[in-house]
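Structure data (compact mmCIF, C-alpha atoms) from work.txt:
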# COMPACT_ATOMS: atom_id res chain seq x y z
CA MET A 46 -39.98 -24.74 -2.91
CA ALA A 47 -40.46 -25.12 0.83
CA GLN A 48 -37.16 -26.97 1.06
CA ILE A 49 -35.36 -24.18 -0.81
CA ALA A 50 -36.89 -21.56 1.48
CA SER A 51 -35.86 -23.59 4.51
CA SER A 52 -32.30 -23.90 3.21
CA LEU A 53 -32.06 -20.16 2.53
CA LYS A 54 -33.41 -19.40 5.98
CA ARG A 55 -30.86 -21.71 7.58
CA PHE A 56 -28.07 -20.20 5.45
CA GLY A 57 -29.05 -16.68 6.55
CA SER A 58 -29.29 -17.74 10.18
CA ASP A 59 -25.85 -19.34 10.10
CA THR A 60 -24.23 -16.56 8.08
CA PHE A 61 -25.37 -13.67 10.28
CA SER A 62 -25.66 -15.47 13.63
CA SER A 63 -23.36 -13.12 15.58
CA LEU A 64 -25.52 -10.12 14.63
CA ARG A 65 -28.24 -11.47 16.90
CA VAL A 66 -26.07 -10.22 19.77
CA ARG A 67 -27.28 -6.66 20.47
CA ASN A 68 -23.92 -5.19 21.53
CA TYR A 69 -22.16 -6.56 18.47
CA ARG A 70 -24.97 -5.39 16.19
CA LEU A 71 -24.58 -1.83 17.50
CA TYR A 72 -20.82 -2.01 17.12
CA TYR A 73 -21.19 -3.36 13.59
CA ILE A 74 -23.46 -0.48 12.52
CA GLY A 75 -21.02 2.09 13.87
CA GLN A 76 -18.10 0.42 12.13
CA ILE A 77 -19.86 0.35 8.74
CA ILE A 78 -20.10 4.13 8.87
CA SER A 79 -16.64 4.77 10.31
CA THR A 80 -14.76 2.29 8.14
CA SER A 81 -16.37 3.67 4.98
CA GLY A 82 -15.00 7.05 6.02
CA THR A 83 -11.58 5.51 6.61
CA PHE A 84 -11.44 4.17 3.05
CA MET A 85 -12.58 7.53 1.73
CA GLN A 86 -9.58 9.08 3.47
CA SER A 87 -7.29 6.31 2.21
CA ILE A 88 -8.18 7.11 -1.39
CA ALA A 89 -7.91 10.85 -0.86
CA GLN A 90 -4.63 10.63 1.06
CA ALA A 91 -3.00 8.44 -1.57
CA TRP A 92 -4.04 10.83 -4.33
CA LEU A 93 -2.95 13.84 -2.28
CA VAL A 94 0.55 12.40 -1.80
CA LEU A 95 0.85 11.50 -5.48
CA LYS A 96 -0.22 15.04 -6.43
CA LEU A 97 2.34 16.52 -4.05
CA THR A 98 5.26 14.22 -4.97
CA ASN A 99 4.48 11.96 -7.96
CA SER A 100 6.41 9.32 -5.98
CA GLY A 101 5.49 5.76 -5.02
CA THR A 102 8.22 5.82 -2.38
CA ALA A 103 6.64 8.85 -0.68
CA LEU A 104 3.28 7.10 -0.75
CA GLY A 105 4.83 4.05 0.88
CA LEU A 106 6.49 6.25 3.53
CA VAL A 107 3.18 7.85 4.53
CA THR A 108 1.65 4.41 4.90
CA ALA A 109 4.64 3.26 6.93
CA LEU A 110 4.38 6.24 9.31
CA GLN A 111 0.82 5.24 10.16
CA TYR A 112 1.98 1.80 11.23
CA LEU A 113 5.60 2.31 12.38
CA PRO A 114 4.67 2.72 16.07
CA ILE A 115 2.88 -0.64 15.99
CA LEU A 116 6.24 -2.38 15.60
CA PHE A 117 7.47 -0.93 18.90
CA LEU A 118 4.36 -0.03 20.90
CA ALA A 119 1.75 -2.70 20.06
CA PRO A 120 2.93 -5.05 22.84
CA TYR A 121 2.36 -2.23 25.34
CA GLY A 122 -1.01 -1.59 23.71
CA GLY A 123 -1.85 -5.25 24.23
CA VAL A 124 -1.02 -4.96 27.93
CA ILE A 125 -3.30 -1.91 28.16
CA ALA A 126 -6.08 -3.84 26.39
CA ASP A 127 -5.73 -6.68 28.93
CA ARG A 128 -5.54 -4.30 31.88
CA PHE A 129 -8.42 -1.86 31.28
CA SER A 130 -11.97 -1.81 29.92
CA LYS A 131 -11.73 -2.24 26.16
CA ARG A 132 -14.94 -0.33 25.60
CA LYS A 133 -13.59 2.71 27.46
CA ILE A 134 -10.25 2.55 25.65
CA LEU A 135 -12.08 2.69 22.33
CA TYR A 136 -13.85 5.91 23.35
CA PHE A 137 -10.47 7.65 23.45
CA THR A 138 -8.75 6.01 20.46
CA GLN A 139 -11.68 6.46 18.06
CA SER A 140 -12.19 10.08 19.10
CA GLY A 141 -8.48 10.82 18.59
CA ALA A 142 -8.44 9.31 15.10
CA GLY A 143 -11.49 11.37 14.16
CA LEU A 144 -9.84 14.57 15.33
CA LEU A 145 -6.73 13.92 13.22
CA ALA A 146 -8.87 13.38 10.11
CA LEU A 147 -10.67 16.68 10.71
CA ILE A 148 -7.35 18.53 11.05
CA LEU A 149 -6.11 17.14 7.73
CA GLY A 150 -9.40 18.06 6.08
CA VAL A 151 -9.12 21.65 7.26
CA LEU A 152 -5.52 21.88 6.02
CA VAL A 153 -6.46 20.57 2.58
CA ALA A 154 -9.54 22.79 2.34
CA SER A 155 -7.50 25.88 3.24
CA GLY A 156 -4.82 25.07 0.67
CA GLN A 157 -2.11 25.07 3.35
CA VAL A 158 -1.29 21.35 3.30
CA THR A 159 2.28 20.27 2.56
CA LEU A 160 3.91 16.86 2.52
CA TRP A 161 5.50 17.22 5.96
CA MET A 162 2.07 17.92 7.46
CA VAL A 163 0.73 14.70 5.95
CA TYR A 164 3.72 12.88 7.41
CA VAL A 165 3.14 14.33 10.89
CA LEU A 166 -0.58 13.54 10.97
CA ALA A 167 0.10 10.02 9.68
CA ALA A 168 2.64 9.54 12.48
CA CYS A 169 0.15 10.83 15.07
CA LEU A 170 -2.42 8.31 13.86
CA GLY A 171 0.34 5.75 14.15
CA LEU A 172 0.60 6.50 17.88
CA ILE A 173 -3.10 5.67 18.31
CA ASN A 174 -3.05 2.45 16.29
CA PRO A 175 -0.91 0.35 18.69
CA ILE A 176 -3.56 0.75 21.39
CA ASP A 177 -6.67 0.86 19.22
CA ASN A 178 -6.01 -2.20 17.09
CA PRO A 179 -5.39 -4.93 19.69
CA THR A 180 -8.23 -3.47 21.73
CA ARG A 181 -10.70 -3.65 18.83
CA GLN A 182 -9.58 -7.15 17.86
CA SER A 183 -9.89 -8.60 21.36
CA PHE A 184 -13.13 -6.69 22.07
CA VAL A 185 -15.02 -8.82 19.52
CA VAL A 186 -14.92 -11.97 21.63
CA GLU A 187 -16.16 -9.99 24.64
CA MET A 188 -19.23 -8.97 22.66
CA VAL A 189 -20.13 -12.33 21.09
CA GLY A 190 -18.35 -15.08 23.05
CA GLU A 191 -16.10 -17.83 21.69
CA ASP A 192 -18.86 -19.81 19.95
CA GLU A 193 -19.69 -16.91 17.64
CA LEU A 194 -16.15 -15.54 17.29
CA LYS A 195 -15.38 -17.04 13.86
CA ASN A 196 -18.68 -15.73 12.48
CA ALA A 197 -18.18 -12.29 14.02
CA VAL A 198 -14.59 -11.98 12.74
CA THR A 199 -15.65 -12.98 9.22
CA LEU A 200 -18.60 -10.58 9.22
CA TYR A 201 -16.35 -7.81 10.50
CA SER A 202 -13.87 -8.54 7.70
CA SER A 203 -16.79 -8.43 5.27
CA LEU A 204 -17.79 -5.10 6.77
CA VAL A 205 -14.30 -3.72 6.20
CA ASN A 206 -14.43 -4.81 2.60
CA LEU A 207 -17.98 -3.56 2.09
CA SER A 208 -16.58 -0.24 3.25
CA ARG A 209 -13.80 -0.76 0.72
CA VAL A 210 -16.57 -0.58 -1.90
CA ILE A 211 -18.66 2.23 -0.38
CA GLY A 212 -15.80 4.48 0.70
CA PRO A 213 -13.83 4.58 -2.56
CA ALA A 214 -17.01 4.99 -4.61
CA ILE A 215 -17.99 8.06 -2.60
CA ALA A 216 -14.41 9.33 -2.56
CA GLY A 217 -14.02 9.04 -6.31
CA ALA A 218 -17.20 11.03 -6.87
CA LEU A 219 -16.31 13.69 -4.28
CA ILE A 220 -12.76 14.13 -5.59
CA ALA A 221 -14.05 14.58 -9.14
CA LEU A 222 -16.80 17.03 -8.12
CA VAL A 223 -15.50 19.04 -5.15
CA GLY A 224 -11.92 17.97 -4.43
CA LEU A 225 -10.06 16.08 -1.72
CA ALA A 226 -10.96 17.97 1.47
CA PRO A 227 -14.51 16.59 2.02
CA CYS A 228 -13.14 13.03 2.14
CA PHE A 229 -11.06 13.87 5.20
CA LEU A 230 -13.78 15.92 6.87
CA ILE A 231 -16.45 13.24 6.40
CA ASN A 232 -14.09 10.61 7.76
CA GLY A 233 -13.48 12.69 10.86
CA ILE A 234 -17.21 13.04 11.48
CA SER A 235 -17.83 9.32 10.84
CA TYR A 236 -15.94 8.32 13.98
CA ALA A 237 -18.80 9.82 15.99
CA ALA A 238 -20.94 6.85 14.90
CA VAL A 239 -18.63 4.42 16.72
CA VAL A 240 -18.56 6.54 19.87
CA VAL A 241 -22.37 6.77 19.92
CA MET A 242 -22.78 3.01 19.46
CA LEU A 243 -20.26 2.27 22.21
CA GLY A 244 -22.34 4.46 24.49
CA ARG A 245 -25.53 2.53 23.69
CA MET A 246 -24.05 -0.86 24.58
CA ARG A 247 -25.14 -2.80 27.66
CA PRO A 248 -21.97 -3.42 29.72
CA GLY A 249 -23.63 -6.23 31.67
CA GLU A 250 -23.98 -8.27 28.48
CA LEU A 251 -20.25 -8.18 27.67
CA ASN A 252 -18.20 -11.34 28.28
CA THR A 253 -15.36 -9.46 29.95
CA ALA A 254 -12.32 -11.30 31.27
CA PRO A 255 -11.07 -10.34 34.76
CA PRO A 256 -8.85 -7.27 34.36
CA LEU A 257 -5.13 -7.92 34.43
CA LEU A 258 -3.60 -6.58 37.63
CA ARG A 259 -0.52 -4.40 37.20
CA THR A 260 2.60 -6.49 37.87
CA LYS A 261 6.14 -6.62 36.55
CA GLY A 262 6.97 -8.70 33.52
CA GLN A 263 3.57 -8.67 31.79
CA LEU A 264 5.08 -7.58 28.48
CA ARG A 265 7.75 -10.27 28.72
CA ASP A 266 5.11 -12.85 29.61
CA GLY A 267 3.29 -12.03 26.37
CA PHE A 268 6.43 -12.64 24.30
CA ARG A 269 7.10 -15.94 26.07
CA TYR A 270 3.51 -17.10 25.67
CA VAL A 271 3.47 -16.54 21.91
CA ALA A 272 6.95 -17.99 21.38
CA SER A 273 6.12 -21.17 23.30
CA THR A 274 2.74 -21.82 21.64
CA ALA A 275 3.36 -23.40 18.23
CA VAL A 276 0.00 -22.62 16.65
CA LEU A 277 0.25 -18.95 17.62
CA ARG A 278 3.90 -18.60 16.64
CA ASN A 279 3.59 -20.12 13.18
CA THR A 280 0.29 -18.45 12.34
CA LEU A 281 1.95 -15.12 13.15
CA ILE A 282 4.92 -15.96 10.89
CA MET A 283 2.57 -16.50 7.94
CA LEU A 284 0.66 -13.33 8.75
CA ALA A 285 3.90 -11.34 9.00
CA ILE A 286 5.13 -12.41 5.55
CA ILE A 287 1.80 -11.62 3.90
CA GLY A 288 1.30 -8.44 5.91
CA THR A 289 4.74 -7.16 4.90
CA LEU A 290 4.59 -7.66 1.15
CA THR A 291 1.11 -8.74 0.02
CA TYR A 292 -1.17 -6.37 1.92
CA GLU A 293 0.42 -3.27 0.43
CA PHE A 294 -2.51 -2.55 -1.87
CA GLN A 295 -2.67 1.06 -0.69
CA VAL A 296 0.76 1.45 -2.33
CA SER A 297 0.61 -0.90 -5.33
CA LEU A 298 -2.93 -0.20 -6.58
CA PRO A 299 -2.73 3.61 -6.93
CA VAL A 300 0.63 3.25 -8.71
CA ILE A 301 -0.85 0.71 -11.15
CA ALA A 302 -3.95 2.85 -11.66
CA GLU A 303 -1.95 5.95 -12.57
CA PHE A 304 1.20 4.68 -14.29
CA THR A 305 0.13 1.34 -15.83
CA PHE A 306 -3.44 2.13 -16.86
CA HIS A 307 -2.98 5.94 -17.06
CA GLY A 308 -6.05 6.52 -14.90
CA ASP A 309 -7.07 8.92 -12.17
CA ALA A 310 -8.50 8.73 -8.65
CA SER A 311 -11.64 7.02 -9.92
CA SER A 312 -9.49 4.27 -11.50
CA TYR A 313 -7.84 3.61 -8.15
CA ALA A 314 -11.25 3.66 -6.48
CA PHE A 315 -12.48 1.08 -9.03
CA LEU A 316 -9.62 -1.30 -8.26
CA THR A 317 -10.09 -0.92 -4.52
CA ALA A 318 -13.84 -1.36 -4.79
CA SER A 319 -13.43 -4.47 -6.94
CA MET A 320 -11.34 -6.07 -4.25
CA GLY A 321 -13.93 -5.04 -1.69
CA VAL A 322 -16.78 -6.62 -3.66
CA GLY A 323 -14.93 -9.91 -3.75
CA ALA A 324 -14.24 -9.80 -0.04
CA VAL A 325 -17.88 -9.10 0.79
CA LEU A 326 -19.08 -11.99 -1.38
CA GLY A 327 -16.41 -14.27 0.00
CA GLY A 328 -17.23 -13.25 3.55
CA ILE A 329 -20.92 -14.03 3.10
CA PHE A 330 -20.03 -17.44 1.70
CA ILE A 331 -17.66 -18.48 4.52
CA ALA A 332 -19.28 -16.71 7.49
CA GLY A 333 -21.49 -19.70 8.26
CA GLN A 334 -18.55 -22.10 8.35
CA LYS A 335 -17.69 -22.90 11.96
CA LYS A 336 -14.51 -24.96 11.52
CA VAL A 337 -11.20 -23.20 12.08
CA LEU A 338 -8.50 -25.49 10.65
CA PRO A 339 -4.81 -24.59 10.17
CA SER A 340 -4.73 -26.53 6.90
CA ARG A 341 -7.32 -24.11 5.52
CA LEU A 342 -5.08 -21.20 6.48
CA VAL A 343 -2.36 -22.68 4.26
CA SER A 344 -4.83 -23.13 1.40
CA GLY A 345 -6.03 -19.57 1.85
CA ALA A 346 -2.48 -18.20 1.60
CA PHE A 347 -1.86 -20.20 -1.58
CA LEU A 348 -5.05 -19.04 -3.30
CA PHE A 349 -4.36 -15.46 -2.19
CA GLY A 350 -0.91 -15.56 -3.81
CA VAL A 351 -2.17 -17.05 -7.08
CA THR A 352 -4.93 -14.47 -7.51
CA VAL A 353 -2.65 -11.52 -6.65
CA LEU A 354 -0.17 -12.70 -9.29
CA GLY A 355 -3.02 -12.95 -11.77
CA ALA A 356 -4.15 -9.40 -11.05
CA ALA A 357 -0.60 -8.08 -11.49
CA PHE A 358 -0.46 -9.16 -15.13
CA MET A 359 -3.94 -8.33 -16.40
CA PRO A 360 -3.64 -6.26 -19.61
CA THR A 361 -6.55 -3.86 -18.97
CA LEU A 362 -8.12 -2.02 -16.06
CA PRO A 363 -11.48 -3.91 -16.26
CA LEU A 364 -9.71 -7.28 -16.29
CA ALA A 365 -7.53 -6.25 -13.35
CA GLY A 366 -10.68 -5.26 -11.48
CA PHE A 367 -12.28 -8.62 -12.26
CA VAL A 368 -9.33 -10.59 -10.87
CA LEU A 369 -9.19 -8.31 -7.82
CA VAL A 370 -12.69 -9.55 -6.99
CA LEU A 371 -11.10 -12.99 -6.58
CA VAL A 372 -8.23 -11.44 -4.61
CA GLY A 373 -10.73 -9.92 -2.21
CA ALA A 374 -12.50 -13.25 -1.67
CA CYS A 375 -9.21 -15.05 -0.95
CA SER A 376 -7.99 -12.25 1.32
CA ILE A 377 -10.98 -12.42 3.65
CA TYR A 378 -10.74 -16.22 3.76
CA PHE A 379 -7.11 -16.01 4.89
CA THR A 380 -7.39 -13.11 7.33
CA SER A 381 -10.55 -14.26 9.10
CA LEU A 382 -9.05 -17.72 9.65
CA GLY A 383 -5.79 -16.27 10.96
CA ASN A 384 -7.58 -13.88 13.31
CA SER A 385 -9.88 -16.61 14.64
CA ILE A 386 -7.04 -19.08 15.21
CA LEU A 387 -5.10 -16.54 17.25
CA GLN A 388 -8.06 -15.57 19.44
CA LEU A 389 -9.42 -19.08 19.99
CA GLU A 390 -5.99 -20.55 20.78
CA SER A 391 -5.08 -17.85 23.33
CA SER A 392 -6.27 -17.59 26.92
CA PRO A 393 -8.63 -14.69 27.81
CA GLN A 394 -5.97 -13.08 30.04
CA MET A 395 -3.48 -13.11 27.15
CA ARG A 396 -5.81 -12.25 24.28
CA GLY A 397 -5.01 -8.53 24.16
CA ARG A 398 -1.28 -9.22 24.03
CA VAL A 399 -1.69 -11.97 21.43
CA MET A 400 -3.71 -9.65 19.21
CA ALA A 401 -1.04 -7.02 19.69
CA PHE A 402 1.33 -9.41 17.96
CA TRP A 403 -1.32 -9.81 15.25
CA SER A 404 -1.12 -6.02 14.85
CA ILE A 405 2.66 -6.19 14.56
CA ALA A 406 2.61 -9.05 12.06
CA PHE A 407 -0.20 -7.77 9.93
CA LEU A 408 -0.07 -3.98 10.28
CA GLY A 409 3.27 -3.02 11.77
CA SER A 410 5.02 -4.98 9.04
CA THR A 411 3.67 -2.34 6.65
CA THR A 412 6.42 -0.01 7.88
CA ILE A 413 8.89 -2.28 6.15
CA GLY A 414 6.76 -3.44 3.24
CA GLY A 415 5.21 -0.09 2.26
CA PRO A 416 8.43 1.71 1.27
CA LEU A 417 9.90 -1.53 -0.10
CA VAL A 418 6.95 -2.22 -2.41
CA GLY A 419 6.82 1.46 -3.42
CA TRP A 420 10.53 1.44 -4.25
CA PHE A 421 10.28 -1.89 -6.08
CA ALA A 422 7.37 -0.58 -8.14
CA GLU A 423 9.44 2.45 -9.16
CA VAL A 424 12.49 0.38 -10.10
CA ALA A 425 10.91 -2.71 -11.65
CA GLY A 426 7.53 -1.32 -12.68
CA PRO A 427 4.07 -1.07 -11.06
CA ARG A 428 3.09 -4.61 -12.03
CA ALA A 429 6.19 -6.00 -10.33
CA GLY A 430 5.24 -4.27 -7.07
CA LEU A 431 1.92 -6.10 -6.99
CA ALA A 432 3.46 -9.38 -8.18
CA LEU A 433 5.94 -9.26 -5.30
CA GLY A 434 3.00 -9.55 -2.93
CA GLY A 435 1.67 -12.60 -4.76
CA ILE A 436 5.03 -14.34 -4.51
CA ALA A 437 5.22 -13.52 -0.78
CA ALA A 438 1.82 -15.15 -0.17
CA LEU A 439 2.97 -18.31 -1.97
CA VAL A 440 6.12 -18.40 0.18
CA ALA A 441 3.97 -18.07 3.33
CA ALA A 442 1.81 -20.96 2.11
CA MET A 443 4.88 -23.14 1.55
CA ILE A 444 6.19 -22.35 5.03
CA GLY A 445 2.80 -23.14 6.54
CA ALA A 446 2.54 -26.41 4.61
CA ALA A 447 6.04 -27.46 5.67
CA THR A 448 5.44 -26.75 9.37
CA LEU A 449 2.07 -28.48 9.25
CA ARG A 450 3.65 -31.53 7.65
CA ASN A 451 6.41 -31.58 10.28
CA GLN A 452 3.81 -31.41 13.02
CA ARG A 453 1.96 -34.37 11.54
CA LEU A 454 5.18 -36.37 11.31
CA ARG A 455 5.97 -35.66 14.97
CA LYS A 456 2.42 -36.66 15.94
CA HIS A 457 2.77 -39.87 13.95
CA VAL A 458 6.11 -40.74 15.56
CA ASN A 459 4.54 -40.17 18.99
CA GLY A 460 1.64 -42.46 18.14
CA ASP A 461 -0.95 -39.81 17.31
CA PRO A 462 -1.40 -39.32 13.54
CA THR A 463 -3.80 -36.39 13.97
CA ALA A 464 -2.31 -32.93 13.71
CA VAL A 465 -4.15 -30.07 15.34
CA SER A 466 -1.98 -27.04 14.72
CA ILE A 467 0.46 -25.35 12.43
CA GLY A 468 3.79 -25.92 14.14
Can you dump the structure from the file as structure tokens?
Amino acid sequence: MAQIASSLKRFGSDTFSSLRVRNYRLYYIGQIISTSGTFMQSIAQAWLVLKLTNSGTALGLVTALQYLPILFLAPYGGVIADRFSKRKILYFTQSGAGLLALILGVLVASGQVTLWMVYVLAACLGLINPIDNPTRQSFVVEMVGEDELKNAVTLYSSLVNLSRVIGPAIAGALIALVGLAPCFLINGISYAAVVVMLGRMRPGELNTAPPLLRTKGQLRDGFRYVASTAVLRNTLIMLAIIGTLTYEFQVSLPVIAEFTFHGDASSYAFLTASMGVGAVLGGIFIAGQKKVLPSRLVSGAFLFGVTVLGAAFMPTLPLAGFVLVLVGACSIYFTSLGNSILQLESSPQMRGRVMAFWSIAFLGSTTIGGPLVGWFAEVAGPRAGLALGGIAALVAAMIGAATLRNQRLRKHVNGDPTAVSIG
């Protein structure tokens, strides 16, 4: 019994080690509240667009508008993240996102909302994302340091997926009882939690890199750095493929919920929450693992693809939800490894720009994949839209395996049989 208790204590200590850092703990609490609100809005916004248009393509377009600016502006956002205090940047970006959510809530509550208004507000949020996302991603290592980065990234991914459970559950109940508007209003207010927690941090305990001085060519330097570093380049290629076609659940799941299983907003919330449960459980299991190996990234992409394909062809809503639990577990395994590899393999002065390319590969790619998956689901059927994502993940795994094998062959020819990167 004592040995079991000791093992459980050690497991808990390893799993939640980064939360011993006060600044990260505060940030984590704020993000639980805010991200739950974000998923509430995601459910409500998807259902609002479907009510207004009955179109998967329109739903994909709204999603694309939120991430379109990332394709063009994220590199500049990465330069800003490297040049200024990340904590201060987040004050402005989080406050702006909260304000946009409140505006949409007021429009819905007043009955004045139209599709073009949803498009405009989605595009405005898209202008904040290119700065906010690389800043948030690269801020984690400043709070916890490199030794705890893998744990912190995994726990943050678990947080996002815990919110994927909490947010949709609340949203489904609110939509059924009082309508869509409260979901947007609550999300707007939830951003205040992040701002408050940022204010309570101790700046002296942050592991800040020296600020990047303003010089010419910093954007170009970021492109060259990523292109010339094999592990960064090839990790980003895998992330881009999966980000474009696999991580389009905000398009594929509501379409399946309504048109395949003839459900409502609560059905979509159930599918989203199921995926979130799996990600939380998977995150708890892998958070204590310290090794960050490229070969595991390939395995993660393969398992992700297999489980997504399985979910696409489940005959009933409960069975689809069950398989989405597995999808969630595989998704957090893949994304936390990819995020950690990029941050640990990049220099502190380049980390903001490197994570800007993560934003492009993983989020900006949605501008292409969102409308494409929505259109494909309309033409070939809702199940085919989700299956397309599974196939894309398998293709990414094959590309990763091939480049890893080539790297090993080159190492062997040069007299070193040990491969250390995907490239």
For this session: Show which residues sit within 6 Å of region 281-293 of chain A, as a list in words. Count all atoms listed in the file, and ignore same-chain residues fewer than 5 positions away.
Result: Ala406, Phe407, Ser410, Thr411, Gly414, Gly434, Ala438 and Ala441 of chain A
For this session: Find the residues around Gly327 (chain A) up to 9 Å (all atoms listed in the file counted), leave out those fewer than 6 positions away in its own chain, and share them as a PyMOL selection string.
Result: chain A and resi 203+371+373-378
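CA of Ile115 (chain A) is found 13.8 Å from CA of Gly397 (chain A).
When CA of Asp59 (chain A) is paired with CA of Val210 (chain A), their separation reads 24.1 Å.
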Seminar exercise, completed: note - CA of Leu106 (chain A) and CA of Pro416 (chain A) are separated by 5.4 Å
Counting all atoms listed in the file, which residues of region 185-302 of chain A sit at most 9 Å from some atom of region 136-155 of chain A, and what is each one's closest atom pair with its distance in Å to one decimal, listed by chain and rising residue number, as a tab-separated table?
residue	atom	partner	partner_atom	distance
A:Gly224	CA	A:Ala154	CA	8.6
A:Leu225	CA	A:Val153	CA	7.2
A:Ala226	CA	A:Gly150	CA	4.9
A:Pro227	CA	A:Gly150	CA	6.7
A:Cys228	CA	A:Gly150	CA	7.4
A:Phe229	CA	A:Gly150	CA	4.6
A:Leu230	CA	A:Gly150	CA	4.9
A:Ile231	CA	A:Leu147	CA	8.0
A:Asn232	CA	A:Ala146	CA	6.4
A:Gly233	CA	A:Gly143	CA	4.1
A:Ile234	CA	A:Gly143	CA	6.5
A:Ser235	CA	A:Gly143	CA	7.4
A:Tyr236	CA	A:Gly143	CA	5.4
A:Ala237	CA	A:Ser140	CA	7.3
A:Val239	CA	A:Gln139	CA	7.4
A:Val240	CA	A:Tyr136	CA	5.9
A:Leu243	CA	A:Tyr136	CA	7.5
A:Gly244	CA	A:Tyr136	CA	8.7
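Compared by their closest atoms to Gly122 (chain A), and using all atoms listed in the file, the residues A:Ala238, A:Ile405, A:Leu364, A:Val424 rank with A:Ile405 nearest.
Among A:Ala401, A:Ile74, A:Val325, A:Met443, the residue with the shortest atom-to-atom distance to Phe117 (chain A), counting only C-alpha atoms, is A:Ala401.
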Complete region 156-167 of chain A with N, CA, C and O atoms (output as a PDB file, in the coordinates of the input).
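To be explicit, this is the file written out as result12.pdb:
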ATOM      1  N   GLY A 156      -5.922  24.977   1.614  1.00  0.00           N
ATOM      2  CA  GLY A 156      -4.820  25.070   0.670  1.00  0.00           C
ATOM      3  C   GLY A 156      -3.454  25.180   1.318  1.00  0.00           C
ATOM      4  O   GLY A 156      -2.466  25.480   0.648  1.00  0.00           O
ATOM      5  N   GLN A 157      -3.365  24.926   2.618  1.00  0.00           N
ATOM      6  CA  GLN A 157      -2.110  25.070   3.350  1.00  0.00           C
ATOM      7  C   GLN A 157      -1.340  23.764   3.486  1.00  0.00           C
ATOM      8  O   GLN A 157      -0.237  23.746   4.016  1.00  0.00           O
ATOM      9  N   VAL A 158      -1.902  22.650   3.047  1.00  0.00           N
ATOM     10  CA  VAL A 158      -1.290  21.350   3.300  1.00  0.00           C
ATOM     11  C   VAL A 158       0.008  21.190   2.517  1.00  0.00           C
ATOM     12  O   VAL A 158       0.127  21.608   1.361  1.00  0.00           O
ATOM     13  N   THR A 159       1.008  20.634   3.184  1.00  0.00           N
ATOM     14  CA  THR A 159       2.280  20.270   2.560  1.00  0.00           C
ATOM     15  C   THR A 159       2.601  18.831   2.939  1.00  0.00           C
ATOM     16  O   THR A 159       1.964  18.251   3.827  1.00  0.00           O
ATOM     17  N   LEU A 160       3.611  18.267   2.304  1.00  0.00           N
ATOM     18  CA  LEU A 160       3.910  16.860   2.520  1.00  0.00           C
ATOM     19  C   LEU A 160       4.299  16.575   3.970  1.00  0.00           C
ATOM     20  O   LEU A 160       3.881  15.564   4.536  1.00  0.00           O
ATOM     21  N   TRP A 161       5.069  17.482   4.591  1.00  0.00           N
ATOM     22  CA  TRP A 161       5.500  17.220   5.960  1.00  0.00           C
ATOM     23  C   TRP A 161       4.307  17.182   6.911  1.00  0.00           C
ATOM     24  O   TRP A 161       4.318  16.437   7.912  1.00  0.00           O
ATOM     25  N   MET A 162       3.268  17.954   6.619  1.00  0.00           N
ATOM     26  CA  MET A 162       2.070  17.920   7.460  1.00  0.00           C
ATOM     27  C   MET A 162       1.369  16.560   7.355  1.00  0.00           C
ATOM     28  O   MET A 162       0.888  16.013   8.349  1.00  0.00           O
ATOM     29  N   VAL A 163       1.313  16.032   6.133  1.00  0.00           N
ATOM     30  CA  VAL A 163       0.730  14.700   5.950  1.00  0.00           C
ATOM     31  C   VAL A 163       1.530  13.667   6.723  1.00  0.00           C
ATOM     32  O   VAL A 163       0.977  12.773   7.377  1.00  0.00           O
ATOM     33  N   TYR A 164       2.863  13.797   6.663  1.00  0.00           N
ATOM     34  CA  TYR A 164       3.720  12.880   7.410  1.00  0.00           C
ATOM     35  C   TYR A 164       3.437  12.953   8.916  1.00  0.00           C
ATOM     36  O   TYR A 164       3.320  11.923   9.592  1.00  0.00           O
ATOM     37  N   VAL A 165       3.336  14.158   9.449  1.00  0.00           N
ATOM     38  CA  VAL A 165       3.140  14.330  10.890  1.00  0.00           C
ATOM     39  C   VAL A 165       1.798  13.748  11.336  1.00  0.00           C
ATOM     40  O   VAL A 165       1.712  13.039  12.352  1.00  0.00           O
ATOM     41  N   LEU A 166       0.740  14.044  10.597  1.00  0.00           N
ATOM     42  CA  LEU A 166      -0.580  13.540  10.970  1.00  0.00           C
ATOM     43  C   LEU A 166      -0.641  12.013  10.833  1.00  0.00           C
ATOM     44  O   LEU A 166      -1.291  11.332  11.641  1.00  0.00           O
ATOM     45  N   ALA A 167       0.046  11.476   9.832  1.00  0.00           N
ATOM     46  CA  ALA A 167       0.100  10.020   9.680  1.00  0.00           C
ATOM     47  C   ALA A 167       0.822   9.399  10.872  1.00  0.00           C
ATOM     48  O   ALA A 167       0.405   8.349  11.398  1.00  0.00           O
TER      49      ALA A 167
END
